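Heads up, the thing below is written out as structure tokens.
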Amino acid sequence: MTRSVLLLALLAAAPAFAQGAPARLPATNDSIFAQLPLPTPNAQRMADGRPGPGYWQNRNDYRIEARLDTVAHEVTGTVRLTYTNNGPEPLSFLWFHLEQNLFAPGSRGSTGAGTRATSTIEAGQGFRIGNVTADGRPVTPVVTDTRMRVDLPTPVAGNGGTVEVTVPYAFLVPGDRTPRMGRMEAAQGTVYALAQWYPRVAVYDDVQGWNTMPYLGSGEFYLGYGDFEFSVTVPATMMVVGTGVVQNPDEVYTRAQRERMETAHRSTSRVRIVEPAEVGTAAASVSRTGTKTWRFKAENVRDVAWGASASFILDGANAAIRQDDGSTNDVLILSAYPREGLSADPAAPGWEEATRYGRAAILNNSRWYPYPYPVAISVATHIGGMEYPMLHFSAVTSRHTDLFAVVDHELGHNWFPMIVGSDERRYAWMDEGFNSFLNVYSQTTFYDEGDDRSLPGFGTAAASRYNTLTYGDSFVQYSSRMGANNRPIMTYPDRVPGQAGGYVLYFKPAAGLRILRDVVLGPDRFDDAFKTYIRRWAYKHPQPADFMRTMEDVSGEDLDWFWREWLYGTDSFDQALAGVSVIDGQAVAAVRNTAQLVFPTTVEFTFTDGSTERATIPVEAWMSGDEAAARLPLNGRTVRSARLDPDGRLPDTNRANDSATM
């Protein structure tokens with residue numbers, strides 16, 4: 001059975017769980033503990049979760065030249081793609097994504113209820129494609145909604161064959177109602193957030209072949225890796241930040257800006273590269289007339305994006321990241337924002353603190369895998385938060401802990417899906433959920449473990465949304481609000497209704513990882529397995545089974561029960577402490593599963609002398625039925641009471657039945 005058939009079968013079964021209260025499982029719980037039918041291992045993807053000796057992926061190297069017309073709000077450009085086919089078979093055509101077509105009247109994404117595109121549909125929007133060539137020969141592309149097929153005059157050979165495709169293009173930049181890119185009017189100049197700004201070749205992989213799911217607005221992106229060289233020509237007064245390293249600094253920065261940039265490269269504190277008072281003056285740009293061309297280079301990335309504005313204040317600092325080989329990567333942290341991003345309230349900092357926040361995000365998240373890129377950039381726009389390699393666009397109105405949360409979350413996406421290149425269009429939980437999990441620990445490190453007690457918000461990490469919404473009772477309350485909108489985590493993001501996406505794709509996966517770490521495996525085994533997964537699949541394309549198998553391989557646990565109930569179902573969890581007794585010199589707590597999910601169970605006994613001691617019921621105890629017992633030797637003590645899950649880590653829907661007394 002193919003992987004896609006297995007997934008459809010599991011998803012088809014899942015909605016039944018969401019229709020009211022599901023029936024109790026059989027006493028043997030066979031359905032929970034049965035082997036999970038994962039795809040058959042092969043030479044590409046091995047049984048232990050690592051890429052096999054036959055693993056391959058194609059390569060995309062881009063050269064892009066673009067120009068921004070700020071009067072017409074139009075980008076015109078030419079993309080030259082060198083496509084390397086590392087697969088075993090020749091390819092007679094290539095597929096490209098044309099995401100700007102989402103905003104064209106009549107697009108598929110414009111017709112769905114709740115789509116992110118409906119408020120931005122305007123005549124004239126979408127890509128206008130010029131004369132396409134393949135290896136210099138004219139070809140006629142076939143455009144279908146947000147996709148374009150380019151038929152090649154000669155098939156590109158497998159095992160390393162290459163073809164160069166050239167695509168001239170143009171599009172109108174949408175306004176400030178777009179959720180992932182567009183433009184925002186600021187007092188000192190329009191802020192342009194340019195993403196999905198060039199035709200991008202689709203992924204051809206060993207699982208799906210061509211990945212051509214249309215862009216409907218919710219499901220994000222699945223892209224291949226390569227090197228990029230791109231240039232953008234803009235009015236001379238504009239500052240540009242983008243994925244990668246500026247290749248012509250002498251032409252685009254003033255001497256003072258270059259000197260400040262060098263200072264920022266050595267400083268652990270914010271350095272102003274463009275001061276607020278300099279914005280709009282001669283000090284902010286090399287020239288006040290004509291245009292400037294900014295040239296960038298980015299290596300081994302899956303995409304590039306850029307922001308441009310004459311209104312940008314620009315800050316920078318250094319984050320020194322120790323790499324696996326012992327070297328140090330001096331990452332330049334940058335923040336670009338208009339004056340609307342500044343806060344007048346020291347207790348509620350604004351974008352003047354974004355560089356500090358960005359630096360913390362890169363340092364903290366490098367605990368899982370050292371940040372490999374040369375820059376990390378935060379750009380203030382109308383966008384709530386959207387990530388690209390080395391750069392994100394986030395809301396200019398964000399302040400205080402909300403600003404840290406969005407900077408940390410969007411820069412955290414550099415790990416998932418920028419380094420670990422999962423398929424966001426199908427499995428958003430493998431980037432949004434994983435990244436939300438990372439945010440828990442980054443926020444704790446920043447707000448609770450630093451030595452600067454003057455930091456606004458110091459000591460409040462437990463109250464952050466990533467901490468509260470992925471833990472215990474708060475997560476249960478969040479879950480209870482989903483109702484009929486609940487969906488299995490494995491649901492494709494475009495099929496998740498309304499605001500349920502935050503729960504299904506972000507917080508429930510993150511909560512599951514916390515349970516797996518804190519309750520099932522323990523921090524040491526979990527961290528080892530999770531880091532191994534990142535290293536195995538860095539700059540590659542993992543599938544869900546690759547993650548599951550790696551976690552089991554490194555931790556040594558059979559976790560099929562966990563994947564089945566947490567990823568493929570919508571069931572609830574409740575355990576009841578049926579009673580406490582003394583039998584043969586032991587304190588005994590009788591525990592009963594009263595709902596559908598199972599987890600290892602911790603029971604804390606309290607004795608009359610005030611002491612406490614804990615016992616654990618392993619998950620295997622639930623293989624044979626819905627009742628089990630925890631036991632502890634009395635050793636001369638008298639037991640007074642007991643309670644379940646004393647640290648409140650599990651998503652127990654009824655705490656009232658979690659304790660009992662003698």
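In the structure tokens, chains take letters A, B, ... by order of appearance, with residues numbered from 1 within each chain and ligands from 1 in the order shown.
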Quick one: residues within 7 Å of range 161-170 of chain A, only C-alpha atoms counted, chain neighbours fewer than 2 positions away excluded, as a ChimeraX atom specification? /A:75-85,127-135,156-159
Do you know which residues are at most 12 Å from Gly280 in chain A counting only C-alpha atoms, after dropping those on the same chain fewer than 2 positions away, and could you put them as a short mmCIF file (atom, residue, chain, number, x, y, z; two decimals) with N, CA, C and O atoms, in the first residue's frame?
data_model
loop_
_atom_site.label_atom_id
_atom_site.label_comp_id
_atom_site.auth_asym_id
_atom_site.auth_seq_id
_atom_site.Cartn_x
_atom_site.Cartn_y
_atom_site.Cartn_z
N ALA A 187 4.66 56.66 7.40
CA ALA A 187 4.74 58.12 7.30
C ALA A 187 5.91 58.58 6.45
O ALA A 187 5.81 59.59 5.73
N GLN A 188 7.03 57.86 6.49
CA GLN A 188 8.23 58.30 5.80
C GLN A 188 8.54 57.47 4.56
O GLN A 188 9.65 57.56 4.03
N GLY A 189 7.56 56.68 4.12
CA GLY A 189 7.78 55.92 2.89
C GLY A 189 7.17 54.54 2.96
O GLY A 189 7.11 53.92 4.02
N ALA A 236 16.93 55.32 -5.16
CA ALA A 236 18.18 55.46 -4.41
C ALA A 236 17.95 55.75 -2.94
O ALA A 236 18.83 55.46 -2.11
N THR A 237 16.81 56.29 -2.58
CA THR A 237 16.55 56.64 -1.18
C THR A 237 16.16 55.43 -0.32
O THR A 237 16.07 55.54 0.90
N MET A 238 15.96 54.29 -0.94
CA MET A 238 15.45 53.14 -0.21
C MET A 238 16.57 52.28 0.38
O MET A 238 17.61 52.09 -0.25
N MET A 239 16.31 51.76 1.56
CA MET A 239 17.17 50.77 2.19
C MET A 239 16.56 49.40 1.89
O MET A 239 15.35 49.22 1.97
N VAL A 274 21.20 52.94 10.81
CA VAL A 274 20.48 54.13 10.35
C VAL A 274 19.69 54.65 11.54
O VAL A 274 18.77 53.99 12.02
N GLU A 275 20.06 55.82 12.02
CA GLU A 275 19.40 56.41 13.17
C GLU A 275 18.00 56.91 12.80
O GLU A 275 17.76 57.30 11.65
N PRO A 276 17.07 56.92 13.76
CA PRO A 276 15.75 57.46 13.46
C PRO A 276 15.78 58.88 12.89
O PRO A 276 15.03 59.19 11.96
N ALA A 277 16.67 59.71 13.43
CA ALA A 277 16.73 61.09 12.96
C ALA A 277 17.31 61.20 11.56
O ALA A 277 17.16 62.24 10.90
N GLU A 278 17.99 60.16 11.08
CA GLU A 278 18.60 60.21 9.75
C GLU A 278 17.64 59.80 8.64
O GLU A 278 17.89 60.10 7.46
N ALA A 282 19.88 63.14 3.83
CA ALA A 282 21.00 62.71 2.99
C ALA A 282 21.86 61.67 3.70
O ALA A 282 22.54 60.87 3.05
N ALA A 283 21.85 61.66 5.02
CA ALA A 283 22.67 60.72 5.77
C ALA A 283 22.17 59.28 5.64
O ALA A 283 22.90 58.34 5.96
N ALA A 284 20.95 59.09 5.16
CA ALA A 284 20.36 57.76 5.11
C ALA A 284 20.68 57.00 3.85
O ALA A 284 20.42 55.79 3.77
N SER A 285 21.22 57.66 2.81
CA SER A 285 21.45 56.96 1.55
C SER A 285 22.64 57.56 0.81
O SER A 285 23.00 58.72 1.02
N SER A 287 22.79 58.23 -2.31
CA SER A 287 22.30 59.23 -3.26
C SER A 287 20.83 59.48 -3.00
O SER A 287 20.11 58.60 -2.53
N ARG A 288 20.37 60.68 -3.32
CA ARG A 288 18.96 61.03 -3.15
C ARG A 288 18.21 61.00 -4.47
O ARG A 288 17.01 61.24 -4.51
N SER A 309 12.42 50.03 1.85
CA SER A 309 11.69 51.23 2.22
C SER A 309 12.66 52.38 2.44
O SER A 309 13.81 52.17 2.87
N ALA A 310 12.20 53.59 2.15
CA ALA A 310 12.96 54.79 2.52
C ALA A 310 12.73 55.14 3.98
O ALA A 310 13.40 56.04 4.51
N SER A 311 11.81 54.44 4.65
CA SER A 311 11.46 54.76 6.03
C SER A 311 12.19 53.92 7.06
O SER A 311 11.99 54.08 8.26
N PHE A 312 13.09 53.03 6.61
CA PHE A 312 13.69 52.07 7.53
C PHE A 312 14.71 52.70 8.47
O PHE A 312 15.68 53.35 8.04
N ILE A 313 14.49 52.49 9.77
CA ILE A 313 15.55 52.56 10.77
C ILE A 313 16.22 51.20 10.73
O ILE A 313 15.55 50.18 10.57
N PRO A 338 10.02 51.08 10.27
CA PRO A 338 9.74 52.51 10.24
C PRO A 338 9.52 53.05 11.64
O PRO A 338 9.42 52.27 12.60
N ARG A 339 9.40 54.36 11.76
CA ARG A 339 9.27 54.94 13.10
C ARG A 339 7.99 54.51 13.79
O ARG A 339 7.89 54.58 15.02
#
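The space between CA of Tyr466 in chain A and CA of Gln543 in chain A spans 24.9 Å.
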So which bits of range 408-453 of chain A end up alpha helix (DSSP H) when you DSSP the backbone, as a list in words? Asp408, His409, Glu410, Leu411, Gly412, Glu432, Gly433, Phe434, Asn435, Ser436, Phe437, Leu438, Asn439, Val440, Tyr441, Ser442, Gln443, Thr444, Thr445, Phe446, Tyr447 and Asp448 of chain A
Go ahead and dump the residues you just picked, N, CA, C and O atoms, as a PDB file, in the first residue's frame.
ATOM      1  N   ASP A 408      10.800  35.607  17.834  1.00  0.00           N
ATOM      2  CA  ASP A 408      11.335  34.292  18.169  1.00  0.00           C
ATOM      3  C   ASP A 408      10.702  33.204  17.305  1.00  0.00           C
ATOM      4  O   ASP A 408      11.389  32.301  16.811  1.00  0.00           O
ATOM      5  N   HIS A 409       9.400  33.298  17.105  1.00  0.00           N
ATOM      6  CA  HIS A 409       8.715  32.274  16.316  1.00  0.00           C
ATOM      7  C   HIS A 409       9.150  32.326  14.855  1.00  0.00           C
ATOM      8  O   HIS A 409       9.484  31.290  14.262  1.00  0.00           O
ATOM      9  N   GLU A 410       9.162  33.510  14.271  1.00  0.00           N
ATOM     10  CA  GLU A 410       9.468  33.595  12.836  1.00  0.00           C
ATOM     11  C   GLU A 410      10.943  33.305  12.559  1.00  0.00           C
ATOM     12  O   GLU A 410      11.269  32.639  11.567  1.00  0.00           O
ATOM     13  N   LEU A 411      11.842  33.771  13.401  1.00  0.00           N
ATOM     14  CA  LEU A 411      13.248  33.404  13.210  1.00  0.00           C
ATOM     15  C   LEU A 411      13.462  31.925  13.531  1.00  0.00           C
ATOM     16  O   LEU A 411      14.346  31.279  12.946  1.00  0.00           O
ATOM     17  N   GLY A 412      12.649  31.385  14.441  1.00  0.00           N
ATOM     18  CA  GLY A 412      12.737  29.957  14.729  1.00  0.00           C
ATOM     19  C   GLY A 412      12.433  29.095  13.519  1.00  0.00           C
ATOM     20  O   GLY A 412      12.893  27.944  13.428  1.00  0.00           O
ATOM     21  N   GLU A 432       5.273  24.381  11.778  1.00  0.00           N
ATOM     22  CA  GLU A 432       4.624  25.256  12.754  1.00  0.00           C
ATOM     23  C   GLU A 432       4.593  24.612  14.141  1.00  0.00           C
ATOM     24  O   GLU A 432       4.862  25.283  15.150  1.00  0.00           O
ATOM     25  N   GLY A 433       4.253  23.344  14.193  1.00  0.00           N
ATOM     26  CA  GLY A 433       4.214  22.673  15.486  1.00  0.00           C
ATOM     27  C   GLY A 433       5.582  22.521  16.108  1.00  0.00           C
ATOM     28  O   GLY A 433       5.782  22.781  17.305  1.00  0.00           O
ATOM     29  N   PHE A 434       6.557  22.091  15.306  1.00  0.00           N
ATOM     30  CA  PHE A 434       7.913  21.934  15.823  1.00  0.00           C
ATOM     31  C   PHE A 434       8.468  23.282  16.296  1.00  0.00           C
ATOM     32  O   PHE A 434       9.108  23.379  17.341  1.00  0.00           O
ATOM     33  N   ASN A 435       8.210  24.319  15.512  1.00  0.00           N
ATOM     34  CA  ASN A 435       8.733  25.632  15.859  1.00  0.00           C
ATOM     35  C   ASN A 435       8.051  26.186  17.112  1.00  0.00           C
ATOM     36  O   ASN A 435       8.696  26.813  17.960  1.00  0.00           O
ATOM     37  N   SER A 436       6.746  25.948  17.259  1.00  0.00           N
ATOM     38  CA  SER A 436       6.055  26.375  18.475  1.00  0.00           C
ATOM     39  C   SER A 436       6.637  25.664  19.701  1.00  0.00           C
ATOM     40  O   SER A 436       6.708  26.244  20.791  1.00  0.00           O
ATOM     41  N   PHE A 437       7.038  24.427  19.517  1.00  0.00           N
ATOM     42  CA  PHE A 437       7.720  23.690  20.586  1.00  0.00           C
ATOM     43  C   PHE A 437       9.046  24.358  20.937  1.00  0.00           C
ATOM     44  O   PHE A 437       9.363  24.552  22.124  1.00  0.00           O
ATOM     45  N   LEU A 438       9.836  24.746  19.939  1.00  0.00           N
ATOM     46  CA  LEU A 438      11.095  25.438  20.212  1.00  0.00           C
ATOM     47  C   LEU A 438      10.865  26.721  20.991  1.00  0.00           C
ATOM     48  O   LEU A 438      11.661  27.087  21.864  1.00  0.00           O
ATOM     49  N   ASN A 439       9.771  27.431  20.672  1.00  0.00           N
ATOM     50  CA  ASN A 439       9.512  28.718  21.305  1.00  0.00           C
ATOM     51  C   ASN A 439       9.339  28.599  22.811  1.00  0.00           C
ATOM     52  O   ASN A 439       9.659  29.532  23.555  1.00  0.00           O
ATOM     53  N   VAL A 440       8.798  27.474  23.277  1.00  0.00           N
ATOM     54  CA  VAL A 440       8.619  27.267  24.723  1.00  0.00           C
ATOM     55  C   VAL A 440       9.951  27.444  25.444  1.00  0.00           C
ATOM     56  O   VAL A 440      10.049  28.165  26.450  1.00  0.00           O
ATOM     57  N   TYR A 441      10.982  26.828  24.929  1.00  0.00           N
ATOM     58  CA  TYR A 441      12.278  26.821  25.609  1.00  0.00           C
ATOM     59  C   TYR A 441      13.046  28.117  25.363  1.00  0.00           C
ATOM     60  O   TYR A 441      13.753  28.597  26.252  1.00  0.00           O
ATOM     61  N   SER A 442      12.886  28.696  24.185  1.00  0.00           N
ATOM     62  CA  SER A 442      13.549  29.971  23.923  1.00  0.00           C
ATOM     63  C   SER A 442      12.983  31.066  24.812  1.00  0.00           C
ATOM     64  O   SER A 442      13.731  31.880  25.373  1.00  0.00           O
ATOM     65  N   GLN A 443      11.650  31.102  24.957  1.00  0.00           N
ATOM     66  CA  GLN A 443      11.047  32.115  25.816  1.00  0.00           C
ATOM     67  C   GLN A 443      11.427  31.912  27.275  1.00  0.00           C
ATOM     68  O   GLN A 443      11.670  32.880  28.000  1.00  0.00           O
ATOM     69  N   THR A 444      11.487  30.665  27.700  1.00  0.00           N
ATOM     70  CA  THR A 444      11.902  30.396  29.076  1.00  0.00           C
ATOM     71  C   THR A 444      13.328  30.861  29.312  1.00  0.00           C
ATOM     72  O   THR A 444      13.638  31.482  30.344  1.00  0.00           O
ATOM     73  N   THR A 445      14.210  30.568  28.367  1.00  0.00           N
ATOM     74  CA  THR A 445      15.603  30.999  28.497  1.00  0.00           C
ATOM     75  C   THR A 445      15.693  32.516  28.559  1.00  0.00           C
ATOM     76  O   THR A 445      16.411  33.081  29.400  1.00  0.00           O
ATOM     77  N   PHE A 446      14.972  33.206  27.683  1.00  0.00           N
ATOM     78  CA  PHE A 446      15.089  34.667  27.601  1.00  0.00           C
ATOM     79  C   PHE A 446      14.512  35.364  28.826  1.00  0.00           C
ATOM     80  O   PHE A 446      15.146  36.247  29.414  1.00  0.00           O
ATOM     81  N   TYR A 447      13.303  34.969  29.217  1.00  0.00           N
ATOM     82  CA  TYR A 447      12.613  35.717  30.268  1.00  0.00           C
ATOM     83  C   TYR A 447      12.867  35.204  31.691  1.00  0.00           C
ATOM     84  O   TYR A 447      12.706  35.959  32.649  1.00  0.00           O
ATOM     85  N   ASP A 448      13.257  33.947  31.824  1.00  0.00           N
ATOM     86  CA  ASP A 448      13.384  33.402  33.177  1.00  0.00           C
ATOM     87  C   ASP A 448      14.808  33.064  33.590  1.00  0.00           C
ATOM     88  O   ASP A 448      15.079  32.930  34.782  1.00  0.00           O
TER      89      ASP A 448
END
With distances taken over only C-alpha atoms, which of A:Ala195, A:Pro141, A:Val203, A:Met184 is nearest to Gln100 in chain A? A:Ala195
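Of the listed residues (A:Asn318, A:Asn654, A:Thr594, A:Gln196), A:Asn318 comes nearest to His265 in chain A; the distances count only C-alpha atoms.
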Atom pair CA of Asp645 in chain A / CA of Gly625 in chain A: separation (Å):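 Atom-to-atom, CA of Asp645 in chain A to CA of Gly625 in chain A, that is 19.8 Å.
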Strand (DSSP E or B) call set, DSSP backbone run, range 308-515 of chain A, as an NGL selection string: :A and (308-309 or 313-322 or 328-337 or 375-381 or 385-388 or 391-395)
Limited to N, CA, C and O atoms, could you put the picked residues into a file as a short mmCIF file (atom, residue, chain, number, x, y, z; two decimals), in the first residue's frame?
data_model
loop_
_atom_site.label_atom_id
_atom_site.label_comp_id
_atom_site.auth_asym_id
_atom_site.auth_seq_id
_atom_site.Cartn_x
_atom_site.Cartn_y
_atom_site.Cartn_z
N ALA A 308 12.07 46.53 1.43
CA ALA A 308 12.65 47.79 0.95
C ALA A 308 11.78 48.96 1.40
O ALA A 308 10.55 48.89 1.34
N SER A 309 12.42 50.03 1.85
CA SER A 309 11.69 51.23 2.22
C SER A 309 12.66 52.38 2.44
O SER A 309 13.81 52.17 2.87
N ILE A 313 14.49 52.49 9.77
CA ILE A 313 15.55 52.56 10.77
C ILE A 313 16.22 51.20 10.73
O ILE A 313 15.55 50.18 10.57
N LEU A 314 17.53 51.15 10.87
CA LEU A 314 18.23 49.87 10.77
C LEU A 314 19.15 49.68 11.96
O LEU A 314 20.00 50.52 12.24
N ASP A 315 18.95 48.58 12.70
CA ASP A 315 19.77 48.22 13.85
C ASP A 315 20.51 46.92 13.57
O ASP A 315 20.05 46.10 12.76
N GLY A 316 21.62 46.70 14.28
CA GLY A 316 22.34 45.45 14.13
C GLY A 316 23.09 45.06 15.38
O GLY A 316 23.36 45.89 16.26
N ALA A 317 23.43 43.78 15.47
CA ALA A 317 24.24 43.24 16.57
C ALA A 317 24.79 41.89 16.12
O ALA A 317 24.43 41.36 15.07
N ASN A 318 25.67 41.33 16.94
CA ASN A 318 26.31 40.05 16.64
C ASN A 318 25.76 38.94 17.54
O ASN A 318 25.51 39.15 18.72
N ALA A 319 25.60 37.76 16.95
CA ALA A 319 25.32 36.55 17.72
C ALA A 319 26.35 35.52 17.31
O ALA A 319 26.35 35.06 16.16
N ALA A 320 27.25 35.18 18.20
CA ALA A 320 28.33 34.23 17.90
C ALA A 320 27.82 32.82 18.16
O ALA A 320 27.54 32.45 19.31
N ILE A 321 27.71 32.02 17.10
CA ILE A 321 27.16 30.68 17.21
C ILE A 321 28.26 29.65 16.95
O ILE A 321 28.84 29.60 15.86
N ARG A 322 28.53 28.85 17.94
CA ARG A 322 29.53 27.80 17.79
C ARG A 322 28.97 26.66 16.95
O ARG A 322 27.90 26.12 17.23
N THR A 328 33.24 29.32 14.76
CA THR A 328 32.23 30.26 15.22
C THR A 328 31.62 30.97 14.02
O THR A 328 32.34 31.51 13.18
N ASN A 329 30.31 30.98 13.96
CA ASN A 329 29.58 31.73 12.95
C ASN A 329 29.11 33.03 13.58
O ASN A 329 28.24 33.04 14.44
N ASP A 330 29.72 34.15 13.17
CA ASP A 330 29.32 35.46 13.68
C ASP A 330 28.13 35.96 12.87
O ASP A 330 28.28 36.57 11.81
N VAL A 331 26.96 35.71 13.40
CA VAL A 331 25.72 36.04 12.70
C VAL A 331 25.41 37.53 12.90
O VAL A 331 25.43 38.02 14.03
N LEU A 332 25.11 38.22 11.81
CA LEU A 332 24.70 39.61 11.90
C LEU A 332 23.18 39.65 12.08
O LEU A 332 22.43 39.24 11.20
N ILE A 333 22.74 40.11 13.23
CA ILE A 333 21.32 40.27 13.52
C ILE A 333 20.91 41.67 13.09
O ILE A 333 21.52 42.66 13.51
N LEU A 334 19.90 41.78 12.25
CA LEU A 334 19.44 43.07 11.76
C LEU A 334 17.95 43.24 12.01
O LEU A 334 17.19 42.26 11.97
N SER A 335 17.55 44.49 12.24
CA SER A 335 16.13 44.83 12.34
C SER A 335 15.89 46.09 11.52
O SER A 335 16.60 47.09 11.68
N ALA A 336 14.90 46.03 10.63
CA ALA A 336 14.55 47.17 9.78
C ALA A 336 13.08 47.51 10.03
O ALA A 336 12.22 46.63 9.90
N TYR A 337 12.80 48.78 10.37
CA TYR A 337 11.44 49.14 10.74
C TYR A 337 11.24 50.64 10.59
O TYR A 337 12.18 51.43 10.74
N VAL A 375 23.20 35.89 8.31
CA VAL A 375 22.37 36.99 8.83
C VAL A 375 21.06 36.42 9.35
O VAL A 375 20.64 35.32 9.00
N ALA A 376 20.39 37.23 10.18
CA ALA A 376 19.03 36.94 10.65
C ALA A 376 18.33 38.29 10.77
O ALA A 376 18.76 39.14 11.56
N ILE A 377 17.26 38.49 10.01
CA ILE A 377 16.71 39.83 9.81
C ILE A 377 15.24 39.86 10.18
O ILE A 377 14.45 39.02 9.75
N SER A 378 14.86 40.88 10.95
CA SER A 378 13.46 41.15 11.28
C SER A 378 13.02 42.42 10.56
O SER A 378 13.71 43.44 10.63
N VAL A 379 11.88 42.35 9.89
CA VAL A 379 11.36 43.49 9.13
C VAL A 379 9.96 43.80 9.61
O VAL A 379 9.09 42.91 9.63
N ALA A 380 9.69 45.05 9.97
CA ALA A 380 8.38 45.47 10.46
C ALA A 380 7.50 45.89 9.29
O ALA A 380 7.87 46.76 8.49
N THR A 381 6.32 45.27 9.20
CA THR A 381 5.39 45.55 8.12
C THR A 381 3.97 45.42 8.65
O THR A 381 3.74 45.37 9.85
N GLY A 385 3.06 37.92 10.82
CA GLY A 385 4.29 37.16 10.99
C GLY A 385 4.42 36.15 9.87
O GLY A 385 3.54 35.32 9.67
N MET A 386 5.51 36.25 9.11
CA MET A 386 5.74 35.29 8.02
C MET A 386 7.23 35.15 7.81
O MET A 386 7.96 36.13 7.75
N GLU A 387 7.65 33.89 7.64
CA GLU A 387 9.06 33.55 7.66
C GLU A 387 9.60 33.20 6.28
O GLU A 387 8.89 32.62 5.46
N TYR A 388 10.87 33.53 6.09
CA TYR A 388 11.63 33.15 4.91
C TYR A 388 13.06 32.89 5.37
O TYR A 388 13.44 33.24 6.50
N LEU A 391 15.14 35.71 7.16
CA LEU A 391 14.39 36.96 7.21
C LEU A 391 12.92 36.66 7.49
O LEU A 391 12.38 35.66 7.04
N HIS A 392 12.28 37.58 8.23
CA HIS A 392 10.84 37.46 8.42
C HIS A 392 10.21 38.84 8.39
O HIS A 392 10.84 39.86 8.65
N PHE A 393 8.92 38.86 8.05
CA PHE A 393 8.09 40.06 8.10
C PHE A 393 7.11 39.89 9.25
O PHE A 393 6.41 38.88 9.35
N SER A 394 7.04 40.90 10.14
CA SER A 394 6.13 40.81 11.28
C SER A 394 5.52 42.18 11.56
O SER A 394 5.96 43.20 11.03
N ALA A 395 4.52 42.19 12.42
CA ALA A 395 3.67 43.36 12.59
C ALA A 395 4.40 44.54 13.22
O ALA A 395 5.00 44.40 14.30
#
Straight-line distance linking CA of Met148 in chain A with CA of Leu194 in chain A, stated in Å to one decimal: 20.5 Å
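With only C-alpha atoms taken into account, the protein and nucleic acid residues at most 10 Å from Phe573 in chain A (excluding it and anything under 5 positions from it in its own chain) are Val476, Asn593, Thr594, Ala595, Gln596, Leu597, Val598, Phe599, Leu650, Pro651, Asp652, Thr653 and Asn654 of chain A.
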For the residues in the current selection, export N, CA, C and O atoms as an mmCIF file, in the first residue's frame.
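As written to disk, again-v3.cif reads:
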data_model
loop_
_atom_site.group_PDB
_atom_site.id
_atom_site.type_symbol
_atom_site.label_atom_id
_atom_site.label_comp_id
_atom_site.auth_asym_id
_atom_site.auth_seq_id
_atom_site.Cartn_x
_atom_site.Cartn_y
_atom_site.Cartn_z
ATOM 1 N N VAL A 476 -5.985 21.938 27.664
ATOM 2 C CA VAL A 476 -7.295 21.286 27.684
ATOM 3 C C VAL A 476 -8.404 22.302 27.429
ATOM 4 O O VAL A 476 -9.340 22.058 26.652
ATOM 5 N N ASN A 593 -8.580 4.365 33.114
ATOM 6 C CA ASN A 593 -8.764 5.219 31.945
ATOM 7 C C ASN A 593 -10.251 5.362 31.680
ATOM 8 O O ASN A 593 -10.956 4.362 31.502
ATOM 9 N N THR A 594 -10.757 6.590 31.647
ATOM 10 C CA THR A 594 -12.184 6.807 31.416
ATOM 11 C C THR A 594 -12.458 7.455 30.064
ATOM 12 O O THR A 594 -13.612 7.724 29.738
ATOM 13 N N ALA A 595 -11.407 7.749 29.305
ATOM 14 C CA ALA A 595 -11.572 8.307 27.955
ATOM 15 C C ALA A 595 -10.793 7.425 26.989
ATOM 16 O O ALA A 595 -10.624 6.229 27.229
ATOM 17 N N GLN A 596 -10.290 7.993 25.899
ATOM 18 C CA GLN A 596 -9.760 7.170 24.821
ATOM 19 C C GLN A 596 -8.237 7.123 24.754
ATOM 20 O O GLN A 596 -7.666 6.130 24.323
ATOM 21 N N LEU A 597 -7.565 8.197 25.128
ATOM 22 C CA LEU A 597 -6.109 8.243 25.003
ATOM 23 C C LEU A 597 -5.443 7.551 26.193
ATOM 24 O O LEU A 597 -6.023 7.446 27.282
ATOM 25 N N VAL A 598 -4.210 7.124 25.966
ATOM 26 C CA VAL A 598 -3.415 6.528 27.044
ATOM 27 C C VAL A 598 -2.067 7.235 27.120
ATOM 28 O O VAL A 598 -1.542 7.702 26.115
ATOM 29 N N PHE A 599 -1.535 7.297 28.329
ATOM 30 C CA PHE A 599 -0.192 7.831 28.566
ATOM 31 C C PHE A 599 0.395 7.113 29.773
ATOM 32 O O PHE A 599 -0.344 6.541 30.582
ATOM 33 N N LEU A 650 -0.140 16.406 31.796
ATOM 34 C CA LEU A 650 -0.979 15.705 30.837
ATOM 35 C C LEU A 650 -2.283 16.470 30.576
ATOM 36 O O LEU A 650 -2.777 17.191 31.444
ATOM 37 N N PRO A 651 -2.870 16.283 29.401
ATOM 38 C CA PRO A 651 -4.106 17.005 29.042
ATOM 39 C C PRO A 651 -5.347 16.331 29.603
ATOM 40 O O PRO A 651 -6.260 15.937 28.867
ATOM 41 N N ASP A 652 -5.409 16.193 30.911
ATOM 42 C CA ASP A 652 -6.500 15.506 31.582
ATOM 43 C C ASP A 652 -7.735 16.410 31.590
ATOM 44 O O ASP A 652 -7.691 17.534 32.079
ATOM 45 N N THR A 653 -8.845 15.890 31.056
ATOM 46 C CA THR A 653 -10.041 16.718 30.903
ATOM 47 C C THR A 653 -10.875 16.825 32.175
ATOM 48 O O THR A 653 -11.824 17.609 32.224
ATOM 49 N N ASN A 654 -10.531 16.058 33.213
ATOM 50 C CA ASN A 654 -11.310 16.103 34.450
ATOM 51 C C ASN A 654 -10.380 15.942 35.641
ATOM 52 O O ASN A 654 -10.122 14.817 36.090
#
